[in-house]
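Have a look at entry.cif; it's mmCIF, C-alpha atoms and all ligand atoms:
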data_protein
#
loop_
_atom_site.label_atom_id
_atom_site.label_comp_id
_atom_site.auth_asym_id
_atom_site.auth_seq_id
_atom_site.Cartn_x
_atom_site.Cartn_y
_atom_site.Cartn_z
CA MET N 1028 0.00 0.00 0.00
CA ASN N 1029 1.49 3.24 -1.10
CA LEU N 1030 1.17 6.45 0.83
CA LYS N 1031 -1.74 7.76 -1.28
CA ASN N 1032 -3.79 4.57 -0.73
CA LEU N 1033 -2.94 4.63 2.98
CA VAL N 1034 -4.32 8.18 3.30
CA ILE N 1035 -7.53 7.22 1.42
CA PHE N 1036 -7.94 4.08 3.57
CA GLY N 1037 -7.37 6.05 6.77
CA ALA N 1038 -9.91 8.71 5.76
CA LEU N 1039 -12.55 6.06 4.91
CA LEU N 1040 -11.92 4.29 8.23
CA ALA N 1041 -12.36 7.57 10.12
CA ILE N 1042 -15.69 8.25 8.32
CA VAL N 1043 -16.99 4.73 9.08
CA LEU N 1044 -16.00 4.90 12.76
CA THR N 1045 -17.49 8.38 13.17
CA ALA N 1046 -20.74 7.29 11.52
CA TYR N 1047 -20.85 4.21 13.75
CA PHE N 1048 -20.47 6.17 16.95
CA TYR N 1049 -23.07 8.72 15.86
CA GLY N 1050 -25.84 6.26 15.22
CA TRP N 1051 -25.42 3.74 12.41
CA HIS N 1052 -25.20 0.97 14.98
CA ARG N 1053 -28.67 2.03 16.36
CA GLY N 1054 -30.26 1.90 12.96
CA ASP N 1055 -31.14 5.61 12.91
CA ALA N 1056 -28.24 6.84 10.89
CA GLY N 1057 -28.63 10.23 9.34
CA LYS N 1058 -31.80 11.24 11.27
CA PRO N 1059 -31.66 14.42 13.32
CA ALA N 1060 -32.27 13.92 17.06
CA ASP N 1061 -36.03 14.16 17.68
CA LEU N 1062 -36.61 15.53 21.18
CA THR N 1063 -40.40 15.99 21.10
CA SER N 1064 -42.32 13.90 23.62
CA ALA N 1065 -44.44 12.29 20.89
CA ALA N 1066 -41.33 10.68 19.50
CA HIS N 1067 -40.91 8.57 22.64
CA ALA N 1068 -42.39 5.10 22.41
CA GLY N 1069 -45.40 6.29 20.44
CA ALA N 1070 -46.72 8.34 23.39
CA PRO N 1071 -49.72 10.53 22.53
CA MET N 1072 -49.28 14.27 22.22
CA VAL N 1073 -49.97 16.20 25.46
CA SER N 1074 -53.20 18.08 24.98
CA PRO N 1075 -53.05 21.82 25.37
CA VAL N 1076 -56.78 22.00 26.18
CA LYS N 1077 -57.47 19.09 28.53
CA PRO N 1078 -56.94 19.43 32.31
CA ARG N 1079 -53.81 17.89 33.73
CA ALA N 1080 -52.16 17.67 37.15
CA ARG N 1081 -51.08 20.98 38.69
CA ASP N 1082 -47.84 21.75 40.43
CA PHE N 1083 -49.62 24.02 42.92
CA TYR N 1084 -52.46 23.54 45.39
CA ALA N 1085 -55.76 25.08 44.43
CA PRO N 1086 -58.02 25.25 47.52
CA ASN N 1087 -60.91 22.78 47.50
CA SER N 1088 -59.64 20.96 44.43
CA GLU N 1089 -58.21 17.88 46.16
CA LYS N 1090 -59.59 15.20 48.44
CA LEU N 1091 -57.48 14.48 51.51
CA ALA N 1092 -56.73 10.80 51.99
CA PRO N 1093 -58.09 9.31 55.24
CA ASP N 1094 -54.54 9.05 56.58
CA GLU N 1095 -53.22 12.39 55.33
CA ILE N 1096 -52.68 15.82 56.95
CA ARG N 1097 -52.47 19.02 54.95
CA VAL N 1098 -50.64 21.88 56.65
CA ILE N 1099 -50.99 25.37 55.18
CA ALA N 1100 -48.90 28.35 56.26
CA CYS N 1101 -51.34 31.24 56.68
CA GLY N 1102 -48.79 33.52 58.34
CA THR N 1103 -45.01 33.26 58.43
CA GLY N 1104 -43.84 36.84 58.90
CA MET N 1105 -42.75 39.20 61.62
CA PRO N 1106 -44.50 41.40 64.20
CA THR N 1107 -44.72 44.30 61.75
CA PRO N 1108 -47.23 43.98 58.88
CA ARG N 1109 -46.48 43.43 55.20
CA PRO N 1110 -48.77 42.37 52.34
CA ALA N 1111 -46.68 39.34 51.38
CA GLN N 1112 -46.55 37.73 54.82
CA ALA N 1113 -49.12 37.79 57.60
CA ALA N 1114 -47.94 37.06 61.14
CA ALA N 1115 -47.80 33.53 62.55
CA CYS N 1116 -50.58 31.11 61.65
CA PHE N 1117 -50.56 27.48 60.53
CA LEU N 1118 -53.68 25.57 59.54
CA MET N 1119 -53.73 21.78 59.92
CA GLU N 1120 -56.40 19.92 57.96
CA LEU N 1121 -56.90 16.25 58.75
CA GLY N 1122 -58.20 13.55 56.45
CA ASN N 1123 -61.17 13.07 58.79
CA GLY N 1124 -62.37 16.63 58.10
CA GLU N 1125 -61.11 18.18 61.37
CA LYS N 1126 -59.27 21.49 61.13
CA PHE N 1127 -57.02 23.16 63.68
CA ILE N 1128 -55.50 26.63 63.67
CA PHE N 1129 -52.19 27.16 65.45
CA ASP N 1130 -51.60 30.83 66.25
CA ILE N 1131 -53.72 33.52 64.66
CA GLY N 1132 -51.26 36.34 64.02
CA ALA N 1133 -52.20 39.71 62.60
CA GLY N 1134 -53.35 39.44 58.98
CA SER N 1135 -53.84 35.67 58.98
CA THR N 1136 -57.66 35.62 58.89
CA GLU N 1137 -57.49 36.97 55.36
CA ARG N 1138 -55.43 33.92 54.34
CA LEU N 1139 -57.76 31.49 56.12
CA PHE N 1140 -60.72 33.00 54.27
CA ALA N 1141 -58.91 32.81 50.93
CA LEU N 1142 -58.82 29.03 51.40
CA GLN N 1143 -62.63 29.07 51.21
CA ILE N 1144 -63.17 26.68 54.10
CA PRO N 1145 -66.64 26.99 55.68
CA THR N 1146 -65.96 29.06 58.80
CA ALA N 1147 -67.89 26.58 60.95
CA PHE N 1148 -64.77 24.44 60.60
CA LEU N 1149 -62.40 27.29 61.54
CA ASP N 1150 -63.56 27.12 65.16
CA LYS N 1151 -60.53 25.67 66.98
CA VAL N 1152 -57.56 27.95 67.67
CA PHE N 1153 -54.48 27.02 69.67
CA ILE N 1154 -52.50 30.08 70.76
CA GLY N 1155 -48.82 29.58 71.61
CA HIS N 1156 -48.38 32.95 73.31
CA LEU N 1157 -50.06 36.31 73.50
CA HIS N 1158 -47.78 38.45 71.35
CA GLY N 1159 -49.81 40.36 68.76
CA ASP N 1160 -48.05 38.60 65.90
CA HIS N 1161 -49.38 35.28 67.25
CA PHE N 1162 -52.93 36.14 68.29
CA GLY N 1163 -53.55 39.61 66.86
CA ASP N 1164 -56.18 38.37 64.40
CA VAL N 1165 -58.26 36.43 66.93
CA GLY N 1166 -60.77 39.30 66.90
CA ALA N 1167 -60.90 39.29 63.10
CA LEU N 1168 -61.59 35.54 63.04
CA PHE N 1169 -64.11 35.93 65.90
CA VAL N 1170 -66.11 38.58 64.06
CA ALA N 1171 -65.65 37.56 60.41
CA GLY N 1172 -66.12 33.87 61.21
CA GLY N 1173 -69.30 34.73 63.13
CA ILE N 1174 -70.64 36.74 60.20
CA ALA N 1175 -69.72 34.15 57.58
CA GLY N 1176 -71.16 30.95 59.00
CA ARG N 1177 -69.63 29.92 62.32
CA PHE N 1178 -72.86 29.86 64.32
CA SER N 1179 -71.14 28.28 67.32
CA PRO N 1180 -68.56 29.63 69.80
CA LEU N 1181 -64.97 30.19 68.71
CA ARG N 1182 -63.04 27.62 70.73
CA ILE N 1183 -59.67 28.88 71.95
CA TRP N 1184 -56.90 27.05 73.76
CA GLY N 1185 -54.00 28.96 75.26
CA PRO N 1186 -51.60 29.19 78.17
CA SER N 1187 -52.05 30.81 81.56
CA GLY N 1188 -49.67 33.58 82.53
CA ALA N 1189 -47.56 34.27 85.59
CA THR N 1190 -50.59 36.22 86.88
CA PRO N 1191 -54.28 35.82 85.87
CA GLU N 1192 -54.31 39.04 83.83
CA LEU N 1193 -51.42 37.73 81.70
CA GLY N 1194 -53.32 34.59 80.69
CA THR N 1195 -55.32 33.63 77.60
CA LYS N 1196 -58.67 33.80 79.44
CA ALA N 1197 -58.16 37.43 80.45
CA ALA N 1198 -56.99 38.35 76.94
CA ILE N 1199 -60.02 36.79 75.23
CA GLU N 1200 -62.47 38.23 77.77
CA ALA N 1201 -60.98 41.66 77.04
CA MET N 1202 -61.29 41.00 73.31
CA GLU N 1203 -64.98 40.18 73.68
CA LYS N 1204 -65.49 43.37 75.70
CA MET N 1205 -63.73 45.30 72.95
CA TYR N 1206 -66.35 44.06 70.48
CA ALA N 1207 -69.36 45.01 72.65
CA TRP N 1208 -70.52 47.62 70.12
CA ASP N 1209 -69.92 45.28 67.18
CA LEU N 1210 -72.17 42.61 68.72
CA ALA N 1211 -74.85 45.04 69.94
CA GLY N 1212 -75.15 46.41 66.42
CA ARG N 1213 -75.85 42.95 65.01
CA LEU N 1214 -78.52 41.84 67.48
CA GLY N 1215 -81.81 41.20 65.73
CA GLN N 1216 -80.16 41.82 62.34
CA THR N 1217 -78.22 38.60 61.65
CA ASP N 1218 -77.57 35.24 63.33
CA VAL N 1219 -75.08 36.06 66.10
CA ARG N 1220 -74.73 32.64 67.71
CA GLY N 1221 -71.05 32.64 66.72
CA PHE N 1222 -70.27 35.76 68.72
CA ARG N 1223 -69.23 33.75 71.75
CA THR N 1224 -65.98 32.16 72.83
CA GLU N 1225 -65.12 28.99 74.70
CA VAL N 1226 -61.71 29.45 76.29
CA HIS N 1227 -59.58 26.57 77.56
CA GLU N 1228 -56.72 28.09 79.52
CA PHE N 1229 -54.13 25.62 80.77
CA ASP N 1230 -51.05 25.80 82.99
CA TYR N 1231 -48.15 26.95 80.83
CA ARG N 1232 -45.62 25.15 83.07
CA LYS N 1233 -46.96 21.65 82.45
CA GLU N 1234 -46.25 19.13 79.72
CA GLN N 1235 -49.76 17.91 79.11
CA VAL N 1236 -52.55 16.82 76.79
CA VAL N 1237 -54.79 19.86 76.21
CA TYR N 1238 -57.13 18.39 73.59
CA GLN N 1239 -58.31 14.87 72.92
CA GLU N 1240 -61.30 14.35 70.66
CA ASN N 1241 -62.10 12.19 67.67
CA GLY N 1242 -58.71 10.45 67.67
CA VAL N 1243 -56.77 13.73 67.75
CA THR N 1244 -54.36 14.42 70.60
CA ILE N 1245 -52.86 17.87 71.10
CA ARG N 1246 -50.14 18.35 73.68
CA ALA N 1247 -48.63 21.54 75.04
CA TRP N 1248 -45.36 22.14 76.83
CA PRO N 1249 -43.45 25.21 78.02
CA ALA N 1250 -41.53 27.50 75.70
CA ILE N 1251 -38.97 30.15 76.64
CA HIS N 1252 -39.95 33.47 75.09
CA ALA N 1253 -40.12 37.05 76.39
CA ILE N 1254 -41.71 36.21 79.77
CA ASP N 1255 -43.36 33.19 81.37
CA GLY N 1256 -46.47 31.99 79.54
CA SER N 1257 -45.35 30.78 76.11
CA VAL N 1258 -45.97 27.21 74.96
CA SER N 1259 -45.44 24.92 71.97
CA TYR N 1260 -47.84 22.26 70.65
CA SER N 1261 -47.91 18.90 68.95
CA LEU N 1262 -50.85 17.39 67.06
CA GLU N 1263 -50.95 13.60 66.81
CA TRP N 1264 -53.44 11.73 64.65
CA ASN N 1265 -53.46 8.46 62.79
CA GLY N 1266 -49.77 7.79 63.44
CA LEU N 1267 -48.69 11.24 62.22
CA LYS N 1268 -47.22 14.02 64.35
CA ILE N 1269 -47.01 17.71 63.49
CA VAL N 1270 -45.21 20.03 65.90
CA PHE N 1271 -45.70 23.79 66.11
CA GLY N 1272 -43.25 25.80 68.22
CA SER N 1273 -44.88 29.27 68.18
CA ASP N 1274 -42.02 31.46 69.51
CA THR N 1275 -39.25 30.15 71.71
CA TYR N 1276 -35.59 30.24 72.54
CA PRO N 1277 -34.20 26.74 71.90
CA ASN N 1278 -35.43 24.54 74.73
CA LYS N 1279 -35.26 20.99 76.04
CA TRP N 1280 -39.03 20.42 75.95
CA PHE N 1281 -39.26 21.04 72.21
CA VAL N 1282 -36.44 18.61 71.51
CA LYS N 1283 -38.16 15.99 73.68
CA HIS N 1284 -41.69 16.37 72.27
CA ALA N 1285 -40.72 16.96 68.64
CA LYS N 1286 -38.89 13.61 68.45
CA ASN N 1287 -40.38 11.47 65.66
CA ALA N 1288 -42.29 14.43 64.26
CA ASP N 1289 -43.29 14.13 60.63
CA LEU N 1290 -43.29 17.92 60.29
CA ALA N 1291 -41.52 20.10 62.86
CA ILE N 1292 -42.39 23.80 62.57
CA HIS N 1293 -40.13 26.05 64.63
CA GLU N 1294 -39.37 29.73 64.53
CA CYS N 1295 -36.17 30.81 62.79
CA PHE N 1296 -35.65 34.52 63.22
CA ILE N 1297 -34.16 36.95 60.74
CA THR N 1298 -30.38 37.28 60.97
CA VAL N 1299 -28.91 39.88 63.33
CA PRO N 1300 -27.30 41.89 60.47
CA ASP N 1301 -30.68 42.15 58.72
CA LEU N 1302 -32.42 43.05 61.99
CA VAL N 1303 -30.12 46.08 62.07
CA ALA N 1304 -30.00 46.91 58.34
CA LYS N 1305 -33.61 46.23 57.34
CA TYR N 1306 -35.71 45.89 60.52
CA ARG N 1307 -34.02 49.02 61.91
CA LEU N 1308 -33.19 47.73 65.38
CA THR N 1309 -30.14 48.97 67.26
CA PRO N 1310 -27.31 46.39 67.36
CA GLU N 1311 -28.00 45.85 71.07
CA ALA N 1312 -31.72 45.22 70.46
CA ALA N 1313 -30.97 43.05 67.40
CA LEU N 1314 -28.65 40.80 69.40
CA GLN N 1315 -31.12 40.54 72.28
CA VAL N 1316 -34.22 39.96 70.13
CA GLY N 1317 -32.54 37.93 67.37
CA THR N 1318 -30.58 35.54 69.58
CA GLN N 1319 -31.99 35.60 73.13
CA ILE N 1320 -35.77 36.11 72.80
CA HIS N 1321 -36.02 34.21 69.52
CA THR N 1322 -34.19 31.35 67.79
CA ALA N 1323 -31.38 32.47 65.49
CA PRO N 1324 -31.01 30.45 62.25
CA GLU N 1325 -27.85 28.68 63.52
CA ALA N 1326 -29.75 27.69 66.68
CA PHE N 1327 -32.78 26.55 64.63
CA GLY N 1328 -30.44 24.20 62.77
CA LYS N 1329 -29.00 22.91 66.00
CA VAL N 1330 -32.48 22.17 67.39
CA MET N 1331 -33.46 20.32 64.19
CA SER N 1332 -30.24 18.30 64.22
CA MET N 1333 -31.23 17.12 67.69
CA VAL N 1334 -34.87 16.44 66.76
CA LYS N 1335 -34.20 14.93 63.31
CA PRO N 1336 -37.79 15.34 62.05
CA ARG N 1337 -38.88 13.86 58.74
CA HIS N 1338 -39.13 17.45 57.55
CA ALA N 1339 -38.24 20.75 59.24
CA VAL N 1340 -40.08 24.03 58.65
CA ALA N 1341 -38.48 27.38 59.49
CA TYR N 1342 -40.67 30.46 59.75
CA HIS N 1343 -40.77 33.93 61.33
CA PHE N 1344 -38.56 35.93 58.97
CA PHE N 1345 -39.33 38.25 56.10
CA LYS N 1346 -38.46 35.99 53.19
CA ASP N 1347 -36.92 38.11 50.45
CA THR N 1348 -34.32 37.40 47.79
CA ASP N 1349 -31.65 39.08 49.90
CA THR N 1350 -32.64 37.65 53.31
CA THR N 1351 -33.30 34.02 52.34
CA GLY N 1352 -29.70 33.22 51.41
CA PRO N 1353 -28.20 34.40 54.70
CA VAL N 1354 -30.88 32.54 56.75
CA LEU N 1355 -30.35 29.31 54.77
CA GLU N 1356 -26.57 29.59 54.94
CA ARG N 1357 -26.68 29.90 58.72
CA VAL N 1358 -29.22 27.06 59.15
CA ARG N 1359 -27.04 24.82 56.97
CA LYS N 1360 -24.07 25.36 59.27
CA THR N 1361 -25.88 23.21 61.82
CA TYR N 1362 -28.54 21.15 60.00
CA ASP N 1363 -28.41 19.21 56.74
CA GLY N 1364 -31.80 17.47 56.80
CA PRO N 1365 -35.03 18.08 54.84
CA LEU N 1366 -36.07 21.72 55.19
CA SER N 1367 -38.63 24.29 54.08
CA LEU N 1368 -38.10 28.01 54.53
CA ALA N 1369 -41.76 28.87 54.93
CA GLU N 1370 -43.70 31.63 53.28
CA ASP N 1371 -47.42 32.36 53.25
CA TYR N 1372 -49.53 29.81 51.36
CA MET N 1373 -46.85 27.13 51.46
CA VAL N 1374 -48.57 23.74 51.71
CA TRP N 1375 -47.33 20.39 53.00
CA ASN N 1376 -49.22 17.17 52.36
CA VAL N 1377 -48.04 14.77 55.02
CA SER N 1378 -48.65 11.02 54.96
CA LYS N 1379 -46.68 7.89 55.74
CA ASP N 1380 -45.80 7.70 52.04
CA GLY N 1381 -44.15 11.07 51.84
CA ILE N 1382 -44.20 14.79 52.43
CA ARG N 1383 -45.01 17.01 49.48
CA GLU N 1384 -44.30 20.75 49.60
CA ARG N 1385 -46.09 23.11 47.23
CA MET N 1386 -47.55 26.57 47.12
CA ALA N 1387 -51.27 27.26 47.26
CA VAL N 1388 -52.62 29.63 44.67
CA VAL N 1389 -55.62 31.54 45.99
CA ASP N 1390 -58.19 33.93 44.60
CA GLU N 1391 -57.34 37.36 46.00
CA HIS N 1392 -60.92 38.41 45.31
CA SER N 1393 -62.43 35.58 47.35
CA TRP N 1394 -65.89 36.03 48.87
CA ASN N 1395 -67.38 34.32 51.89
CA PRO N 1396 -66.86 30.56 51.90
CA PRO N 1397 -69.99 28.41 51.58
CA LEU N 1398 -72.08 27.88 54.70
CA ALA N 1399 -71.73 24.52 56.43
CA TYR N 1400 -75.29 24.88 57.72
CA PRO N 1401 -77.92 27.62 57.41
CA ALA N 1402 -78.33 30.70 59.58
CA GLU N 1403 -81.27 30.89 61.98
CA PRO N 1404 -83.92 33.56 61.57
CA VAL N 1405 -83.64 36.46 64.00
CA SER N 1406 -86.26 38.61 65.68
CA PRO N 1407 -86.35 42.34 64.95
CA LYS N 1408 -87.43 42.69 68.59
CA ASP N 1409 -83.80 42.01 69.61
CA ARG N 1410 -82.53 45.09 67.80
CA VAL N 1411 -80.96 47.73 69.99
CA GLY N 1412 -82.17 50.55 67.77
CA TYR N 1413 -81.30 54.27 67.75
CA SER N 1414 -82.00 57.10 70.13
CA PRO N 1415 -84.73 59.54 68.94
CA GLU N 1416 -81.95 62.06 68.29
CA ILE N 1417 -80.19 59.80 65.76
CA GLU N 1418 -83.42 58.31 64.40
CA GLY N 1419 -84.60 61.83 63.66
CA GLY N 1420 -81.75 62.38 61.23
CA ARG N 1421 -82.98 59.94 58.58
CA LEU N 1422 -83.60 61.34 55.12
CA ASP N 1423 -86.79 60.20 53.42
CA VAL N 1424 -85.55 57.81 50.74
CA ARG N 1425 -88.48 55.38 50.98
CA ASP N 1426 -89.35 56.02 47.32
CA VAL N 1427 -86.06 54.44 46.20
CA ILE N 1428 -85.73 51.76 48.90
CA GLU N 1429 -89.26 50.35 48.76
CA PRO N 1430 -88.79 49.03 45.20
CA ILE N 1431 -85.84 46.97 46.49
CA TYR N 1432 -88.26 45.19 48.86
CA GLN N 1433 -90.63 44.63 45.97
CA GLU N 1434 -87.77 43.33 43.81
CA ALA N 1435 -86.76 40.85 46.57
CA SER N 1436 -90.36 39.73 47.05
CA ASP N 1437 -90.70 39.05 43.34
CA ALA N 1438 -87.36 37.22 43.19
CA VAL N 1439 -87.85 35.00 46.25
CA GLY N 1440 -91.58 34.48 45.88
CA ARG N 1441 -92.70 35.68 49.30
CA GLU N 1442 -93.53 39.09 50.63
CA PHE N 1443 -90.91 41.21 52.39
CA LYS N 1444 -92.69 44.12 54.08
CA TYR N 1445 -91.08 47.51 54.08
CA PRO N 1446 -90.22 48.24 57.75
CA THR N 1447 -92.31 50.94 59.41
CA ASN N 1448 -92.52 52.15 62.96
CA ASP N 1449 -96.23 51.38 63.21
ZN ZN V 1501 -43.45 36.30 70.35
ZN ZN V 1502 -43.47 36.03 66.99
#
Transcribe the structure of this file into structure tokens.
Amino acid sequence: MNLKNLVIFGALLAIVLTAYFYGWHRGDAGKPADLTSAAHAGAPMVSPVKPRARDFYAPNSEKLAPDEIRVIACGTGMPTPRPAQAAACFLMELGNGEKFIFDIGAGSTERLFALQIPTAFLDKVFIGHLHGDHFGDVGALFVAGGIAGRFSPLRIWGPSGATPELGTKAAIEAMEKMYAWDLAGRLGQTDVRGFRTEVHEFDYRKEQVVYQENGVTIRAWPAIHAIDGSVSYSLEWNGLKIVFGSDTYPNKWFVKHAKNADLAIHECFITVPDLVAKYRLTPEAALQVGTQIHTAPEAFGKVMSMVKPRHAVAYHFFKDTDTTGPVLERVRKTYDGPLSLAEDYMVWNVSKDGIRERMAVVDEHSWNPPLAYPAEPVSPKDRVGYSPEIEGGRLDVRDVIEPIYQEASDAVGREFKYPTND
């Protein structure tokens, strides 16, 4: 073989080998790579018009399995208000239909209502401590729930305080007194059976069962936060355990009771540098609040490394693009397990098979949720009415209002009489 033939032979060999490695051996030589899904094993085209599984949770679109708990963050923020994050509130929905609210921080009622759950089922609230960012919306839930279909008392569990006036009972009694005018103005107008509370105050110093009904056990134990009178909770049902810390400095009781938790929710405060730069605290206050009153991210990680839950949830910081990294970085110094950095409308479906984290997508223009059962008729005799002085200020607009009564009578098919004093 002369040199010329050797070059030709070598070139041909190179072409054959290249062709072989690029597909001849698979029998699809020369075809361009087809990456469309239809090309795979004859699978049908995905329809652009038929419904298919979502990657988010749309309220009231999914059935809970009998052995499943859905936890929804309805408040994950800080004591100061912001549209993106209400203050502390976590809703736990059980496969048996029971629903439990843990903390009811300022702004959270709006989130609960956006989930469109009949308010008759939003009647059990467990308060971890009496800071406004953990119970500041109890009045909003009391009133709005009572208007929108909870025709039974709002049931509230919460800790005692070092003195009676620092306890949950005193706080809720004061709240009811605050709404004296609100209630008086509704008497004889609408069904007000929901404008009552049923308060279960328990000793904050004890590790104890505070609720046991329908297979659900809720325990409370002491927390260390601000002053005496903070607690944390666990909910156990059907072999699942969800733990909610409310606010606390890292403590031995949480580590003990959160053991074997499927979902362990614990506060994780904003970093000290951000407390100074963005929350506008002095360095002294930032160190005190961010590391001594609350749980700093590094300490959150340390607690979770001791608990080793199936899944850890950190909340209680303003979650922005520039704050999330520093919080995560500090948590990861001390904890490398499964973790969610919570934000409002984050959802966890918890079962023995797994824990799925998603976001809920809600209708910001939501109306009242459907009624679980109808309102009772009321008697106009119960109305408080006006003094003659105020009554005497009415303009005569009967000519435009009376047709509305006629319109309603025609629509409903029974007569609604225009109200007169005689
Ligand atoms: Zn607090
Ligand atoms: Zn707090």
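Across N:Asp1230, N:Glu1203, N:Glu1294, N:Glu1418, the tightest approach to ligand ZN 1501 (chain V) is made by N:Glu1294 when counting all atoms listed in the file.
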Original post:
ligand ZN 1502 (chain V): which residues are within 10 Å, counting all atoms listed in the file, as JSON, numbers by chain?
Top reply: {"N": [1103, 1104, 1105, 1106, 1107, 1114, 1115, 1130, 1132, 1155, 1156, 1157, 1158, 1159, 1160, 1161, 1162, 1252, 1273, 1274, 1275, 1294, 1295, 1296, 1320, 1321, 1342, 1343, 1344]}
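Using all atoms listed in the file, the contacts of segment 1139-1152 of chain N at a cut-off of 6 Å, with sequence neighbours closer than 3 positions omitted, comprise Pro1086, Phe1127, Ile1128, Phe1129, Thr1136, Gly1172, Gly1176, Arg1177, Leu1181, Arg1182, Ile1183, Ser1393, Pro1396, Pro1397, Leu1398 and Ala1399 of chain N.
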File dump, residues just selected, C-alpha atoms, as a CSV table (one decimal), in the frame of the given file:
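Output file result.csv is given in full below:
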chain,number,residue,atom,x,y,z
N,1086,PRO,CA,-58.0,25.2,47.5
N,1127,PHE,CA,-57.0,23.2,63.7
N,1128,ILE,CA,-55.5,26.6,63.7
N,1129,PHE,CA,-52.2,27.2,65.4
N,1136,THR,CA,-57.7,35.6,58.9
N,1172,GLY,CA,-66.1,33.9,61.2
N,1176,GLY,CA,-71.2,31.0,59.0
N,1177,ARG,CA,-69.6,29.9,62.3
N,1181,LEU,CA,-65.0,30.2,68.7
N,1182,ARG,CA,-63.0,27.6,70.7
N,1183,ILE,CA,-59.7,28.9,72.0
N,1393,SER,CA,-62.4,35.6,47.4
N,1396,PRO,CA,-66.9,30.6,51.9
N,1397,PRO,CA,-70.0,28.4,51.6
N,1398,LEU,CA,-72.1,27.9,54.7
N,1399,ALA,CA,-71.7,24.5,56.4
Original post:
Contacts of Pro1110 of chain N at 12 Å or less, counting all atoms listed in the file, minus same-chain residues fewer than 2 places along, as a ChimeraX atom specification?
Top reply: /N:1102-1105,1107-1108,1112-1114,1133-1135,1137-1138,1345,1370-1371,1391
**OP:** Could you give me, as a list in words, the residues that sit within 8 Å of (-54.2, 15.1, 63.8) in the file's coordinates, counting all atoms listed in the file?
**Re:**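 All residues meeting the 8 Å criterion around (-54.2, 15.1, 63.8) are Ile1096, Met1119, Glu1120, Leu1121, Glu1125, Gly1242, Val1243, Thr1244, Ile1245, Leu1262, Glu1263, Trp1264, Asn1265, Leu1267, Lys1268 and Ile1269 of chain N.
Counting all atoms listed in the file and comparing N:Thr1224, N:Thr1351, N:Ser1088, N:Gln1235, the residue that lies closest to Ala1198 of chain N is N:Thr1224.
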Got a sec: who's within 9 Å of Ala1387 of chain N, counting only C-alpha atoms, leaving out chain neighbours fewer than 4 positions off, as an mmCIF file with C-alpha atoms, in the coordinates of the input?
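Below is the file around.cif, written as the result:
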data_model
loop_
_atom_site.group_PDB
_atom_site.id
_atom_site.type_symbol
_atom_site.label_atom_id
_atom_site.label_comp_id
_atom_site.auth_asym_id
_atom_site.auth_seq_id
_atom_site.Cartn_x
_atom_site.Cartn_y
_atom_site.Cartn_z
ATOM 1 C CA PHE N 1083 -49.620 24.020 42.920
ATOM 2 C CA TYR N 1084 -52.460 23.540 45.390
ATOM 3 C CA ALA N 1085 -55.760 25.080 44.430
ATOM 4 C CA PRO N 1086 -58.020 25.250 47.520
ATOM 5 C CA ILE N 1099 -50.990 25.370 55.180
ATOM 6 C CA LEU N 1142 -58.820 29.030 51.400
ATOM 7 C CA ASP N 1371 -47.420 32.360 53.250
ATOM 8 C CA TYR N 1372 -49.530 29.810 51.360
ATOM 9 C CA MET N 1373 -46.850 27.130 51.460
ATOM 10 C CA VAL N 1374 -48.570 23.740 51.710
#
Subject >> Proximity to ligand ZN 1501 (chain V) - best of N:Ile1292, N:Val1170, N:Ala1250, N:Ala1189, only C-alpha atoms and all ligand atoms >> reply: N:Ala1250
Original post:
Can you tell me how far atom CA of Val1316 of chain N sits from atom CA of Tyr1231 of chain N, in Å to one decimal?
Top reply: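 Straight-line distance from atom CA of Val1316 of chain N to atom CA of Tyr1231 of chain N works out to 21.9 Å.
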**OP:** Select, from N:Arg1246, N:Tyr1276, N:Val1270, N:Gly1166, the residue with the minimum atom-to-atom distance to ligand ZN 1501 (chain V), counting only C-alpha atoms and all ligand atoms.
**Re:**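 Answer, going by the shortest atom-to-atom distance: N:Tyr1276.
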**OP:** May I have the residues within 9 Å of segment 1405-1408 of chain N as number ranges by chain, using all atoms listed in the file and disregarding those fewer than 4 positions away in the same chain?
**Re:** N: 1214-1219
Subject >> Residue nearest Gly1256 of chain N - candidates N:Gln1315, N:Ala1201, N:Arg1357, N:Gly1194, atoms counted: only C-alpha atoms >> reply: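 The shortest atom-to-atom distance to Gly1256 of chain N comes from N:Gly1194.
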Subject >> Using all atoms listed in the file: which of N:Ser1332, N:Ser1414, N:Thr1322, N:Asn1287 has the shortest distance to ligand ZN 1501 (chain V) >> reply: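 Looking only at the distances to ligand ZN 1501 (chain V), the closest residue turns out to be N:Thr1322.
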Original post:
At what distance in Å, to one decimal, does atom CA of Thr1447 of chain N lie from atom CA of Pro1430 of chain N?
Top reply: 14.8 Å
Original post:
At what distance in Å, to one decimal, does atom CA of Leu1366 of chain N lie from atom CA of Ala1341 of chain N?
Top reply: 7.5 Å
Original post:
Counting only C-alpha atoms, what is within 12 Å of Tyr1413 of chain N, bar same-chain residues fewer than 5 positions away, as a ChimeraX atom specification?
Top reply: /N:1211-1212,1418-1421
**OP:** Give as a list of chain:residue names every residue, naming chains and numbers as the document does, that has an atom within 6 Å of (-46.7, 21.1, 74.0), counting only C-alpha atoms.
**Re:** N:Arg1246, N:Ala1247, N:Trp1248, N:Ser1259, N:Tyr1260, N:Ser1261
